[in-house]
Amino acid sequence: MKTPRKILVVDDNDDIAEALVLLLKGSGYDADRAFSAEECMYKVEEEQPDLILLDIFLSGGDGREVCKKLRAQPETESLPIIIISAHPNMREPAIAAGADDFISKPFVVDDLLKKIENFLPARV
Amino acid sequence: MDSSAPTSHSHALSRTPLFQAPHLKYFLDALSHFAWLARADGRVEYCNRSWREYAGLTDSPASYDVLWKRLVWPEDWPAFEAWYEDVIAGKMHLSPEIRLRSANHRADLHWYVLDIAPLRTGALTSPVEWIGLCTDITKLKRTMVELKESQERFRTIFDSNIVGLVVSDLDERIIESNDAFLNIIGYSREEVLGGRVTWSALTPPEYDDLDRAKVHQVLKHGSVQPFEKEYVRKDGTRVPVLVGAARVHPDSTTSISFALDISRQKASERRKDEFMGMASHELKTPLAVQKLYIHMLTKAVLGEGDKEDLRNLVGKIEQQTEKLDSIVTDMLDVVRVEANRIVLNKTVFDPDVLLKEIVDDFRLMHHHENIKLVGRIGSSVCADRERMSQVFTNLISNAVKYSPPQKPIVVHAHQKDGRAHFCIQDFGIGIGERDLPHIFDRFYRVEGASEHTYPGMGVGLFIVADILKRHQGRIWVESKKGEGSSFYFELPLAGTS
């Protein structure tokens, strides 16, 4: 059996993070969550996820700053990042910060899963 | 000219008295003023026609003896008498203002001044006869009273400092301003009147065009409807104001302007916008979570997942539905409080039972074991049980939200002076001095780096304070940043309010 691909959910809202992790696990991915910008940077290095679902509002930081930081380091410059926000007009700032895609809350779950599948590197 | 006094005197006595000269009488009768002629000793010898009519006198000198007594309003008599004696003694001056009444007392009292002049016939020393004129100053007096009242009316609004008021040249100079205006702009009266502060100095550059257009409007139409702009205060900060102006006179650029500080309204507007944004954001999160679980639930049902999984997912959806419900309830409550439409359904109940229920609920349902209940009220209250439950729940939730899980939360209850006193005490993050005075304001949220950690709409305490106010109760808070907060509130016991 191939190792499932790993997704890191970064959201400071407990409910959202928990539900997303459950959904992703139920959809055949491995998933973990980070609550803050700091924890995100740490877990990216430790767990080397294949994709990040990143909320734009984080406790102690801005999702866009996290995104820029990840783009700036060689190991993660091409790591797929999807930014999530409850504000639909955050799409442009999200893309400008280097995100691959943007999805606004509340999302159509199938769309989210499709986007994830789109950006995940093909299974080796 | 004869300069010898004795001869002139004797000459004067020997000639025909002037007041008997027929031409003079014809002339005086043609006047609408009241006029009279008197002997050297002041005794009235003749009254002209308009006065005779007014005073109801006949054309006989005998009736003139009672002239003054009949006409002068008793209150003014002493002043009149003193003046008349002065005049006859040679001290000439205009009479004090006196009131004369008409013969039939039909007309209102009118105000007059009397003027008297000696009629000389060539002699220089003692006057021989007098001619007197009476001028009605009632209209003048009335106008002056009106003017004074009108000035006082303006002064009242000016000095009341309800709004900032300024008298100025529209183009530049400020002539006068009240304290309220000085408070808005932060300059002293000396600085303003000394010409240091001009309209252009008070107007931020981006308002120049608007300002010019409004000045033009005042010059063209005499006034301008209130409009919003900003002033630059002495310290460089800006203050939002509502201003309007009207020209005093069409031929001058002098105008009166008012300015009203609308910082509070602007701040409240901004908070309202933020509230709308926050409310939609707050609603979106549980909705997104619900959608996720419904998706999973659907898959689990179709894939015939085990019962425990299904129950778990349904439970999660239920939780989010509760959250949505409480957000929507809060929003509706705010609208109700604002519209003054919170309706209380008062019953007599035991607050100790209610408080125990709520604390037990927090221990069990919210898995918060560390809540202690200290003391009891021991009497009933007459209140809306649902609303009081909302007050306790809100305050305890806040305590839970803003303190670490291992720290206790203590709920105190005791009776004092016929009132039920409660205190919800936590040992959490506390409230900063800057925020403390505002926490019961509508939509107020403590701002800071960690604000996203504590989601909420900032309406809970506003609603709680309103509910307590409607119960003749009150709420206050003591708090220190980093040490925790104590929310106190009290309300009357049953039968005391």
# chains A, B, ... in the order shown; residues from 1 in each chain; ligands from 1
call {"tool": "interface_residues", "arguments": {"of": "chain B", "to": "chain A", "cutoff": "12 Å", "atoms": "only C-alpha atoms", "output": "VMD selection string"}}
result
chain B and resid 277 to 300 303 305 309 312 to 313 316 to 317 319 to 320 323 448 to 455
call {"tool": "residues_around", "arguments": {"residues": "B:Ser397", "least_positions_apart": "5", "cutoff": "9 Å", "atoms": "only C-alpha atoms", "output": "list in words"}}
result
Phe362, Phe392 and Tyr402 of chain B
call {"tool": "residues_around", "arguments": {"residues": "A:Glu117", "least_positions_apart": "6", "cutoff": "12 Å", "atoms": "only C-alpha atoms", "output": "list of chain:residue names"}}
result
A:Arg5, A:Lys6, A:Ile7, A:Leu24, A:Ser27, A:Gly28, A:Tyr29, A:Asp50, A:Leu51, A:Pro80, A:Ile82, A:Asp110, A:Asp111, A:Arg123
call {"tool": "write_last_selection", "arguments": {"atoms": "N, CA and C atoms", "output": "CSV table (one decimal), in the first residue's frame"}}
result
chain,number,residue,atom,x,y,z
A,5,ARG,N,-0.9,10.7,1.0
A,5,ARG,CA,-0.3,12.0,0.9
A,5,ARG,C,-0.7,12.8,2.1
A,6,LYS,N,0.2,13.7,2.6
A,6,LYS,CA,-0.1,14.4,3.8
A,6,LYS,C,-0.5,15.8,3.6
A,7,ILE,N,-1.5,16.2,4.3
A,7,ILE,CA,-2.0,17.6,4.2
A,7,ILE,C,-2.0,18.3,5.5
A,24,LEU,N,-10.4,15.1,5.6
A,24,LEU,CA,-9.3,14.7,4.8
A,24,LEU,C,-8.9,13.2,5.1
A,27,SER,N,-11.1,11.0,3.5
A,27,SER,CA,-11.0,11.0,2.0
A,27,SER,C,-9.7,10.3,1.6
A,28,GLY,N,-9.0,9.7,2.5
A,28,GLY,CA,-7.9,8.9,2.1
A,28,GLY,C,-6.5,9.6,2.2
A,29,TYR,N,-6.5,10.8,2.9
A,29,TYR,CA,-5.3,11.5,3.0
A,29,TYR,C,-4.8,11.4,4.5
A,50,ASP,N,2.5,17.4,1.9
A,50,ASP,CA,2.5,17.5,0.4
A,50,ASP,C,1.7,18.7,0.0
A,51,LEU,N,0.8,19.2,0.9
A,51,LEU,CA,0.0,20.4,0.6
A,51,LEU,C,-0.4,21.1,1.9
A,80,PRO,N,2.5,23.1,-2.7
A,80,PRO,CA,1.2,23.6,-3.0
A,80,PRO,C,0.5,24.2,-1.7
A,82,ILE,N,-3.1,26.2,-0.5
A,82,ILE,CA,-4.4,26.7,-0.8
A,82,ILE,C,-4.8,27.6,0.4
A,110,ASP,N,-17.0,19.3,-2.2
A,110,ASP,CA,-16.4,18.7,-3.4
A,110,ASP,C,-15.4,19.5,-4.1
A,111,ASP,N,-15.7,20.8,-4.2
A,111,ASP,CA,-14.8,21.8,-4.8
A,111,ASP,C,-13.5,21.8,-4.1
A,123,ARG,N,0.9,10.9,-7.7
A,123,ARG,CA,1.5,9.9,-6.9
A,123,ARG,C,2.7,9.2,-7.7
call {"tool": "atom_distance", "arguments": {"atom1": "atom CA of B:His110", "atom2": "atom CA of B:Arg43"}}
result
23.5 Å
call {"tool": "residues_around", "arguments": {"residues": "A:Lys43", "least_positions_apart": "5", "cutoff": "9 Å", "atoms": "only C-alpha atoms", "output": "list in words"}}
result
Leu8, Asp32, Arg33, Ala34, Glu38, Gln48 and Pro49 of chain A
call {"tool": "select_by_dssp", "arguments": {"residues": "stretch 238-415 of chain B", "states": "alpha helix (DSSP H)", "output": "ChimeraX atom specification"}}
result
/B:263-302,307-338,351-364,385-401
call {"tool": "select_by_dssp", "arguments": {"residues": "chain A", "states": "strand (DSSP E or B)", "output": "ChimeraX atom specification"}}
result
/A:6-10,30-34,36,51-55,57-59,61-62,81-85,101-104
call {"tool": "residues_around", "arguments": {"residues": "B:Pro351", "least_positions_apart": "6", "cutoff": "8 Å", "atoms": "only C-alpha atoms", "output": "ChimeraX atom specification"}}
result
/B:377,379-381
call {"tool": "residues_around", "arguments": {"residues": "B:Ile429", "least_positions_apart": "6", "cutoff": "10 Å", "atoms": "only C-alpha atoms", "output": "ChimeraX atom specification"}}
result
/B:399,401-404,479-485
